[in-house]
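Data block below; observations after.
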Amino acid sequence: MRIYDDIQLDYCDVLLRPKRSRLASRNDVEIQREYDFKWCPRTLKATGIIASNMATTGTFAIAREMQKQHLMCALHKHYSAEELIDFLTKNKAEFSSNELLFISSGVSDADYEKITTVLKTGLVQNVCIDVANGYSPYLIDYVSKVRKAWPDLLIMAGNVVTGDMCEDLILSGADIVKIGIGPGSVCTTRKLTGVGRPQFSTVIECADAAHGVSGTVCADGGCTVPGDICKSFCAGADFVMLGGMLAGHEESGGELCTKHIQTNELDLIDDKTCALKIEEHQYKTFYGMSSAFAQEKHYGGMKKYRASEGKLVELPFRGPLEPTLLSILGGIRSCMTYIGAKRLKDMPKCATFYRVNRQLNTIFGNE
Ligand code: 5GP
């Protein structure tokens, strides 16, 4: 048995140190980056924020909103091949290419068959292959098999949290390694299994390892505010994947429901009667892909040997996604001016972090 003594940090454990900069305004920064890859010969121009391939965020409607801002989306794997082909055909007419979209795959034969059907159309050339435990031998084998069959594909694979496994995945054919075990907003893996690693430290180690073998990383999970995305890019993430921050919107999946909540205020009904005021609030459901709810919904029930590693939550309905995306992009631009990074790619080399005990003043709430 061994214990690593180095302190492992989360986004909330650090803050960025501002620096004197020549950047006069937020318009002086370039938040789109040109990416090139170890295996895939194509380059990609985008701001590397990817909507998670969860059933509630990897939706067609979210994909459209992301692309409007040059952001990316990993479409979830519960769409059929026909649904994907139909959407990708229309999307290509609207956005002239599908280069900002990934289709998703597990590691089963059925997954392979489905992605083959979609990839054969030539409509999409990016695939996100993920399993909860990226240390399983099935993942490496599957990545090698897909790479062999499709040498020019952009392959993202995960999830892992250590440098050694990032290197293995890249050398087996992945261009982007998806990193993060347990940081997700609706994930209960750490609670159930005790396994996981604080995400900020994960990004630092994995980015360094992946870059060393010409690969890239996608930091998946744990971002709660735009500042966390900034910290992630600064820690070395090439891409950042978001679930919870994009959930609960008009374009998100999940059920919209209305609740009537009794308040402490009085409502005058007529000049003699009053009653406690009832307010109407809207909520949208959001659930982890390994939750009992997801198992029921997408796989027709929970297998006996499996336990739920995710939860189902109701989020206050947040309206359209666009303002949320604009505030994220505004946060990144502003961060870049604070630290003097002209290009997105420059963020790690411009970043100095403080380790902090307290990040936010929450006296008037967490907003
Ligand atoms: P968030 O941005 O909400 O913090 O994290 C999103 C990520 O959480 C997803 O991209 C995925 O990697 C992870 N995730 C989604 N559902 C589950 C789940 O049910 N269990 C676990 N362990 N992780 C999940």
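Chains: A, B, ... in order of the structure tokens. Residues: from 1 per chain. Ligands: from 1, in order shown.
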
Name the residues, by chain letter and number, that sit within 8 Å of ligand 1 using only C-alpha atoms and all ligand atoms, and give them as a PDB file with N, CA and C atoms, in the first residue's frame.
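New file pocket.pdb:
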```
ATOM      1  N   ALA A  51     -19.683  20.192 -25.372  1.00  0.00           N
ATOM      2  CA  ALA A  51     -20.839  19.745 -24.588  1.00  0.00           C
ATOM      3  C   ALA A  51     -20.702  18.248 -24.371  1.00  0.00           C
ATOM      4  N   SER A  52     -20.899  17.827 -23.140  1.00  0.00           N
ATOM      5  CA  SER A  52     -20.710  16.413 -22.775  1.00  0.00           C
ATOM      6  C   SER A  52     -21.672  15.506 -23.533  1.00  0.00           C
ATOM      7  N   ASN A  53     -21.192  14.303 -23.805  1.00  0.00           N
ATOM      8  CA  ASN A  53     -22.034  13.329 -24.512  1.00  0.00           C
ATOM      9  C   ASN A  53     -23.012  12.634 -23.568  1.00  0.00           C
ATOM     10  N   MET A  54     -23.540  13.385 -22.617  1.00  0.00           N
ATOM     11  CA  MET A  54     -24.602  12.850 -21.756  1.00  0.00           C
ATOM     12  C   MET A  54     -25.920  12.997 -22.522  1.00  0.00           C
ATOM     13  N   ALA A 132     -16.684   4.358 -18.303  1.00  0.00           N
ATOM     14  CA  ALA A 132     -16.511   4.962 -16.980  1.00  0.00           C
ATOM     15  C   ALA A 132     -15.091   4.719 -16.463  1.00  0.00           C
ATOM     16  N   ASN A 159     -12.408   7.430 -19.774  1.00  0.00           N
ATOM     17  CA  ASN A 159     -11.792   8.509 -18.990  1.00  0.00           C
ATOM     18  C   ASN A 159     -10.719   7.943 -18.065  1.00  0.00           C
ATOM     19  N   GLY A 180     -10.748  12.639 -16.169  1.00  0.00           N
ATOM     20  CA  GLY A 180     -11.659  12.967 -15.067  1.00  0.00           C
ATOM     21  C   GLY A 180     -12.371  11.709 -14.611  1.00  0.00           C
ATOM     22  N   ILE A 181     -12.186  11.354 -13.356  1.00  0.00           N
ATOM     23  CA  ILE A 181     -12.982  10.263 -12.774  1.00  0.00           C
ATOM     24  C   ILE A 181     -13.555  10.792 -11.469  1.00  0.00           C
ATOM     25  N   GLY A 182     -14.844  10.963 -11.505  1.00  0.00           N
ATOM     26  CA  GLY A 182     -15.544  11.376 -10.292  1.00  0.00           C
ATOM     27  C   GLY A 182     -15.777  12.860 -10.046  1.00  0.00           C
ATOM     28  N   PRO A 183     -15.319  13.800 -10.926  1.00  0.00           N
ATOM     29  CA  PRO A 183     -15.554  15.205 -10.566  1.00  0.00           C
ATOM     30  C   PRO A 183     -16.947  15.716 -10.971  1.00  0.00           C
ATOM     31  N   GLY A 184     -17.692  14.914 -11.727  1.00  0.00           N
ATOM     32  CA  GLY A 184     -18.932  15.390 -12.351  1.00  0.00           C
ATOM     33  C   GLY A 184     -20.005  15.804 -11.365  1.00  0.00           C
ATOM     34  N   SER A 185     -20.863  16.728 -11.833  1.00  0.00           N
ATOM     35  CA  SER A 185     -21.901  17.286 -10.969  1.00  0.00           C
ATOM     36  C   SER A 185     -22.965  16.257 -10.580  1.00  0.00           C
ATOM     37  N   VAL A 186     -23.168  15.237 -11.406  1.00  0.00           N
ATOM     38  CA  VAL A 186     -24.170  14.222 -11.047  1.00  0.00           C
ATOM     39  C   VAL A 186     -23.524  12.840 -10.941  1.00  0.00           C
ATOM     40  N   CYS A 187     -22.253  12.868 -10.542  1.00  0.00           N
ATOM     41  CA  CYS A 187     -21.499  11.621 -10.455  1.00  0.00           C
ATOM     42  C   CYS A 187     -21.369  11.211  -8.998  1.00  0.00           C
ATOM     43  N   THR A 188     -21.532   9.932  -8.725  1.00  0.00           N
ATOM     44  CA  THR A 188     -21.391   9.466  -7.338  1.00  0.00           C
ATOM     45  C   THR A 188     -20.305   8.388  -7.225  1.00  0.00           C
ATOM     46  N   THR A 189     -19.445   8.310  -8.239  1.00  0.00           N
ATOM     47  CA  THR A 189     -18.392   7.285  -8.241  1.00  0.00           C
ATOM     48  C   THR A 189     -17.519   7.350  -6.991  1.00  0.00           C
ATOM     49  N   ARG A 190     -17.130   8.554  -6.625  1.00  0.00           N
ATOM     50  CA  ARG A 190     -16.223   8.683  -5.470  1.00  0.00           C
ATOM     51  C   ARG A 190     -16.899   8.212  -4.193  1.00  0.00           C
ATOM     52  N   ASP A 220     -12.704  16.633 -18.426  1.00  0.00           N
ATOM     53  CA  ASP A 220     -14.132  16.306 -18.423  1.00  0.00           C
ATOM     54  C   ASP A 220     -14.706  16.298 -17.009  1.00  0.00           C
ATOM     55  N   GLY A 221     -15.563  17.291 -16.732  1.00  0.00           N
ATOM     56  CA  GLY A 221     -16.304  17.288 -15.473  1.00  0.00           C
ATOM     57  C   GLY A 221     -15.721  18.192 -14.415  1.00  0.00           C
ATOM     58  N   GLY A 222     -16.588  18.666 -13.538  1.00  0.00           N
ATOM     59  CA  GLY A 222     -16.147  19.423 -12.379  1.00  0.00           C
ATOM     60  C   GLY A 222     -16.159  20.927 -12.551  1.00  0.00           C
ATOM     61  N   CYS A 223     -16.468  21.434 -13.750  1.00  0.00           N
ATOM     62  CA  CYS A 223     -16.547  22.894 -13.908  1.00  0.00           C
ATOM     63  C   CYS A 223     -17.921  23.352 -13.452  1.00  0.00           C
ATOM     64  N   THR A 224     -17.937  24.310 -12.553  1.00  0.00           N
ATOM     65  CA  THR A 224     -19.223  24.785 -12.017  1.00  0.00           C
ATOM     66  C   THR A 224     -19.513  26.225 -12.419  1.00  0.00           C
ATOM     67  N   MET A 241     -14.732  19.729 -21.209  1.00  0.00           N
ATOM     68  CA  MET A 241     -16.077  19.183 -21.455  1.00  0.00           C
ATOM     69  C   MET A 241     -17.014  19.577 -20.320  1.00  0.00           C
ATOM     70  N   LEU A 242     -18.224  20.003 -20.713  1.00  0.00           N
ATOM     71  CA  LEU A 242     -19.192  20.487 -19.721  1.00  0.00           C
ATOM     72  C   LEU A 242     -20.495  19.702 -19.760  1.00  0.00           C
ATOM     73  N   GLY A 243     -20.967  19.328 -18.588  1.00  0.00           N
ATOM     74  CA  GLY A 243     -22.287  18.717 -18.466  1.00  0.00           C
ATOM     75  C   GLY A 243     -23.210  19.681 -17.741  1.00  0.00           C
ATOM     76  N   GLY A 244     -23.080  19.699 -16.415  1.00  0.00           N
ATOM     77  CA  GLY A 244     -23.983  20.477 -15.560  1.00  0.00           C
ATOM     78  C   GLY A 244     -24.145  21.939 -15.963  1.00  0.00           C
ATOM     79  N   MET A 245     -23.070  22.570 -16.412  1.00  0.00           N
ATOM     80  CA  MET A 245     -23.179  23.999 -16.743  1.00  0.00           C
ATOM     81  C   MET A 245     -24.086  24.232 -17.959  1.00  0.00           C
ATOM     82  N   LEU A 246     -24.299  23.188 -18.754  1.00  0.00           N
ATOM     83  CA  LEU A 246     -25.156  23.336 -19.943  1.00  0.00           C
ATOM     84  C   LEU A 246     -26.541  22.717 -19.721  1.00  0.00           C
ATOM     85  N   TYR A 287     -29.503  14.102 -15.359  1.00  0.00           N
ATOM     86  CA  TYR A 287     -29.107  12.864 -14.679  1.00  0.00           C
ATOM     87  C   TYR A 287     -27.774  12.336 -15.171  1.00  0.00           C
ATOM     88  N   GLY A 288     -27.077  11.653 -14.276  1.00  0.00           N
ATOM     89  CA  GLY A 288     -25.809  11.009 -14.605  1.00  0.00           C
ATOM     90  C   GLY A 288     -26.059   9.805 -15.505  1.00  0.00           C
ATOM     91  N   MET A 289     -25.121   9.532 -16.403  1.00  0.00           N
ATOM     92  CA  MET A 289     -25.314   8.447 -17.353  1.00  0.00           C
ATOM     93  C   MET A 289     -25.161   7.070 -16.710  1.00  0.00           C
ATOM     94  N   SER A 290     -24.642   7.023 -15.489  1.00  0.00           N
ATOM     95  CA  SER A 290     -24.585   5.730 -14.788  1.00  0.00           C
ATOM     96  C   SER A 290     -25.592   5.696 -13.641  1.00  0.00           C
ATOM     97  N   SER A 291     -26.502   6.656 -13.621  1.00  0.00           N
ATOM     98  CA  SER A 291     -27.501   6.678 -12.544  1.00  0.00           C
ATOM     99  C   SER A 291     -28.517   5.567 -12.775  1.00  0.00           C
ATOM    100  N   ALA A 294     -30.837   6.596 -15.524  1.00  0.00           N
ATOM    101  CA  ALA A 294     -30.345   6.421 -16.903  1.00  0.00           C
ATOM    102  C   ALA A 294     -30.369   4.950 -17.293  1.00  0.00           C
ATOM    103  N   SER A 308     -25.576   2.067  -8.948  1.00  0.00           N
ATOM    104  CA  SER A 308     -25.719   3.377  -9.561  1.00  0.00           C
ATOM    105  C   SER A 308     -24.496   4.234  -9.218  1.00  0.00           C
ATOM    106  N   GLU A 309     -23.893   4.843 -10.226  1.00  0.00           N
ATOM    107  CA  GLU A 309     -22.763   5.748  -9.962  1.00  0.00           C
ATOM    108  C   GLU A 309     -23.094   7.165 -10.408  1.00  0.00           C
ATOM    109  N   GLY A 310     -24.375   7.481 -10.359  1.00  0.00           N
ATOM    110  CA  GLY A 310     -24.773   8.830 -10.751  1.00  0.00           C
ATOM    111  C   GLY A 310     -26.112   9.157 -10.142  1.00  0.00           C
ATOM    112  N   LYS A 311     -26.491  10.432 -10.207  1.00  0.00           N
ATOM    113  CA  LYS A 311     -27.779  10.788  -9.624  1.00  0.00           C
ATOM    114  C   LYS A 311     -28.660  11.575 -10.579  1.00  0.00           C
TER     115      LYS A 311
END
```

For region 227-236 of chain A, find every residue with an atom within 8 Å (counting only C-alpha atoms), except residues of its own chain fewer than 4 positions away, and show them as a PDB file with C-alpha atoms, in the first residue's frame.
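Output saved as around36.pdb:
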```pdb
ATOM      1  CA  TYR A  11     -10.481  24.081  -9.252  1.00  0.00           C
ATOM      2  CA  CYS A  12     -11.851  25.623  -6.048  1.00  0.00           C
ATOM      3  CA  LEU A  15      -7.079  31.256  -8.098  1.00  0.00           C
ATOM      4  CA  LEU A  16      -5.191  32.887 -10.939  1.00  0.00           C
ATOM      5  CA  PHE A 200      -7.144  20.453 -11.276  1.00  0.00           C
ATOM      6  CA  VAL A 203      -5.333  18.224 -15.662  1.00  0.00           C
ATOM      7  CA  ILE A 204      -1.812  19.356 -14.780  1.00  0.00           C
ATOM      8  CA  ALA A 207      -1.772  17.517 -20.003  1.00  0.00           C
ATOM      9  CA  ASP A 208       1.941  17.335 -19.410  1.00  0.00           C
ATOM     10  CA  ALA A 219     -10.759  17.928 -19.041  1.00  0.00           C
ATOM     11  CA  CYS A 223     -16.547  22.894 -13.908  1.00  0.00           C
ATOM     12  CA  VAL A 240     -12.901  21.274 -21.575  1.00  0.00           C
ATOM     13  CA  GLY A 331     -15.269  34.985 -18.726  1.00  0.00           C
ATOM     14  CA  ILE A 332     -12.523  33.383 -20.788  1.00  0.00           C
ATOM     15  CA  CYS A 335      -9.378  35.949 -17.816  1.00  0.00           C
ATOM     16  CA  LEU A 344      -6.113  30.575 -25.895  1.00  0.00           C
ATOM     17  CA  MET A 347      -3.024  30.501 -21.198  1.00  0.00           C
ATOM     18  CA  PRO A 348      -0.874  27.834 -19.444  1.00  0.00           C
ATOM     19  CA  LYS A 349       2.347  29.681 -20.010  1.00  0.00           C
ATOM     20  CA  CYS A 350       0.829  32.939 -18.757  1.00  0.00           C
ATOM     21  CA  ALA A 351      -0.750  31.360 -15.693  1.00  0.00           C
TER      22      ALA A 351
END
```

Region 42-276 of chain A: residues DSSP assigns to alpha helix (DSSP H), reported as an mmCIF file with C-alpha atoms, in the first residue's frame:
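For reference, out_37.cif as written:
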```
data_model
loop_
_atom_site.group_PDB
_atom_site.id
_atom_site.type_symbol
_atom_site.label_atom_id
_atom_site.label_comp_id
_atom_site.auth_asym_id
_atom_site.auth_seq_id
_atom_site.Cartn_x
_atom_site.Cartn_y
_atom_site.Cartn_z
ATOM 1 C CA PHE A 60 -28.970 17.997 -31.397
ATOM 2 C CA ALA A 61 -30.412 21.264 -30.050
ATOM 3 C CA ILE A 62 -27.362 21.893 -27.847
ATOM 4 C CA ALA A 63 -25.061 21.002 -30.752
ATOM 5 C CA ARG A 64 -26.603 23.763 -32.858
ATOM 6 C CA GLU A 65 -26.168 26.395 -30.141
ATOM 7 C CA MET A 66 -22.573 25.331 -29.466
ATOM 8 C CA GLN A 67 -21.607 25.543 -33.124
ATOM 9 C CA LYS A 68 -23.085 29.039 -33.451
ATOM 10 C CA ALA A 81 -27.497 5.673 -36.636
ATOM 11 C CA GLU A 82 -30.457 6.896 -38.708
ATOM 12 C CA GLU A 83 -31.160 9.811 -36.376
ATOM 13 C CA LEU A 84 -27.487 10.794 -36.432
ATOM 14 C CA ILE A 85 -27.224 10.588 -40.214
ATOM 15 C CA ASP A 86 -30.385 12.617 -40.648
ATOM 16 C CA PHE A 87 -29.171 15.317 -38.242
ATOM 17 C CA LEU A 88 -25.617 15.413 -39.632
ATOM 18 C CA THR A 89 -26.964 15.840 -43.166
ATOM 19 C CA LYS A 90 -29.059 18.844 -42.137
ATOM 20 C CA ASN A 91 -26.336 20.242 -39.889
ATOM 21 C CA LYS A 92 -23.793 20.154 -42.710
ATOM 22 C CA ALA A 93 -26.156 22.253 -44.870
ATOM 23 C CA GLU A 94 -26.531 24.761 -42.025
ATOM 24 C CA PHE A 95 -22.956 25.006 -40.712
ATOM 25 C CA ASP A 109 -19.663 -4.686 -30.908
ATOM 26 C CA ALA A 110 -22.993 -2.912 -31.278
ATOM 27 C CA ASP A 111 -21.238 0.441 -30.758
ATOM 28 C CA TYR A 112 -18.680 -0.451 -33.410
ATOM 29 C CA GLU A 113 -21.370 -1.426 -35.856
ATOM 30 C CA LYS A 114 -23.242 1.810 -35.266
ATOM 31 C CA ILE A 115 -20.261 4.144 -35.621
ATOM 32 C CA THR A 116 -19.205 2.249 -38.742
ATOM 33 C CA THR A 117 -22.608 2.900 -40.303
ATOM 34 C CA VAL A 118 -22.378 6.610 -39.492
ATOM 35 C CA LEU A 119 -18.696 7.043 -40.382
ATOM 36 C CA LYS A 120 -19.191 5.357 -43.733
ATOM 37 C CA PRO A 137 -8.197 -3.255 -21.322
ATOM 38 C CA TYR A 138 -11.278 -3.077 -23.548
ATOM 39 C CA LEU A 139 -10.772 0.647 -24.071
ATOM 40 C CA ILE A 140 -7.202 0.432 -25.346
ATOM 41 C CA ASP A 141 -8.120 -2.504 -27.617
ATOM 42 C CA TYR A 142 -11.142 -0.691 -28.987
ATOM 43 C CA VAL A 143 -9.196 2.523 -29.618
ATOM 44 C CA SER A 144 -6.523 0.555 -31.532
ATOM 45 C CA LYS A 145 -9.191 -1.201 -33.563
ATOM 46 C CA VAL A 146 -10.950 2.055 -34.512
ATOM 47 C CA ARG A 147 -7.632 3.750 -35.327
ATOM 48 C CA LYS A 148 -6.632 0.857 -37.568
ATOM 49 C CA ALA A 149 -9.931 0.943 -39.418
ATOM 50 C CA GLY A 163 -0.260 10.497 -17.020
ATOM 51 C CA ASP A 164 0.791 6.904 -17.751
ATOM 52 C CA MET A 165 -2.641 5.962 -19.025
ATOM 53 C CA CYS A 166 -2.863 9.133 -21.132
ATOM 54 C CA GLU A 167 0.357 8.123 -22.863
ATOM 55 C CA ASP A 168 -0.900 4.578 -23.411
ATOM 56 C CA LEU A 169 -4.139 5.765 -24.956
ATOM 57 C CA ILE A 170 -2.391 8.209 -27.255
ATOM 58 C CA LEU A 171 0.153 5.637 -28.358
ATOM 59 C CA THR A 189 -18.392 7.285 -8.241
ATOM 60 C CA ARG A 190 -16.223 8.683 -5.470
ATOM 61 C CA LYS A 191 -18.967 8.124 -2.929
ATOM 62 C CA LEU A 192 -19.652 4.593 -4.068
ATOM 63 C CA THR A 193 -16.147 3.363 -4.828
ATOM 64 C CA GLN A 199 -9.604 17.530 -11.283
ATOM 65 C CA PHE A 200 -7.144 20.453 -11.276
ATOM 66 C CA SER A 201 -4.214 18.160 -10.390
ATOM 67 C CA THR A 202 -5.473 15.606 -12.904
ATOM 68 C CA VAL A 203 -5.333 18.224 -15.662
ATOM 69 C CA ILE A 204 -1.812 19.356 -14.780
ATOM 70 C CA GLU A 205 -0.356 15.852 -14.793
ATOM 71 C CA CYS A 206 -2.302 14.483 -17.752
ATOM 72 C CA ALA A 207 -1.772 17.517 -20.003
ATOM 73 C CA ASP A 208 1.941 17.335 -19.410
ATOM 74 C CA ALA A 209 2.062 13.601 -20.148
ATOM 75 C CA ALA A 210 -0.163 13.834 -23.230
ATOM 76 C CA HIS A 211 1.691 16.815 -24.700
ATOM 77 C CA GLY A 212 4.928 14.902 -24.235
ATOM 78 C CA PRO A 226 -16.826 30.015 -16.130
ATOM 79 C CA GLY A 227 -13.778 30.640 -13.905
ATOM 80 C CA ASP A 228 -13.296 26.867 -13.545
ATOM 81 C CA ILE A 229 -13.065 26.553 -17.341
ATOM 82 C CA CYS A 230 -10.429 29.323 -17.346
ATOM 83 C CA LYS A 231 -8.451 27.500 -14.639
ATOM 84 C CA SER A 232 -8.685 24.280 -16.621
ATOM 85 C CA PHE A 233 -7.294 25.858 -19.809
ATOM 86 C CA CYS A 234 -4.583 27.484 -17.698
ATOM 87 C CA ALA A 235 -3.695 24.124 -16.132
#
```

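Look at region 248-253 of chain A: the protein and nucleic acid residues within 7 Å of it, using only C-alpha atoms and passing over chain neighbours fewer than 6 places away, are Ala55, Thr56, Thr57, Thr59, Ala61, Ile62, Lys284, Thr285, Phe286, Leu315, Pro316, Phe317, Arg318, Gly319, Pro320 and Leu321 of chain A.
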
What would the file look like if the residues just selected were written as a PDB file, in the first residue's frame with C-alpha atoms?
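Wrote result07.pdb, looks like this:
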```pdb
ATOM      1  CA  ALA A  55     -28.168  12.192 -22.927  1.00  0.00           C
ATOM      2  CA  THR A  56     -29.206  15.567 -21.509  1.00  0.00           C
ATOM      3  CA  THR A  57     -26.380  17.691 -22.982  1.00  0.00           C
ATOM      4  CA  THR A  59     -28.427  16.763 -27.850  1.00  0.00           C
ATOM      5  CA  ALA A  61     -30.412  21.264 -30.050  1.00  0.00           C
ATOM      6  CA  ILE A  62     -27.362  21.893 -27.847  1.00  0.00           C
ATOM      7  CA  LYS A 284     -35.666  20.542 -15.724  1.00  0.00           C
ATOM      8  CA  THR A 285     -34.262  17.129 -14.878  1.00  0.00           C
ATOM      9  CA  PHE A 286     -30.587  16.268 -15.354  1.00  0.00           C
ATOM     10  CA  LEU A 315     -32.463  22.102 -11.816  1.00  0.00           C
ATOM     11  CA  PRO A 316     -34.271  25.430 -11.857  1.00  0.00           C
ATOM     12  CA  PHE A 317     -35.087  25.998 -15.549  1.00  0.00           C
ATOM     13  CA  ARG A 318     -32.529  28.359 -17.061  1.00  0.00           C
ATOM     14  CA  GLY A 319     -34.122  29.392 -20.375  1.00  0.00           C
ATOM     15  CA  PRO A 320     -32.138  29.503 -23.633  1.00  0.00           C
ATOM     16  CA  LEU A 321     -28.511  28.374 -23.708  1.00  0.00           C
TER      17      LEU A 321
END
```
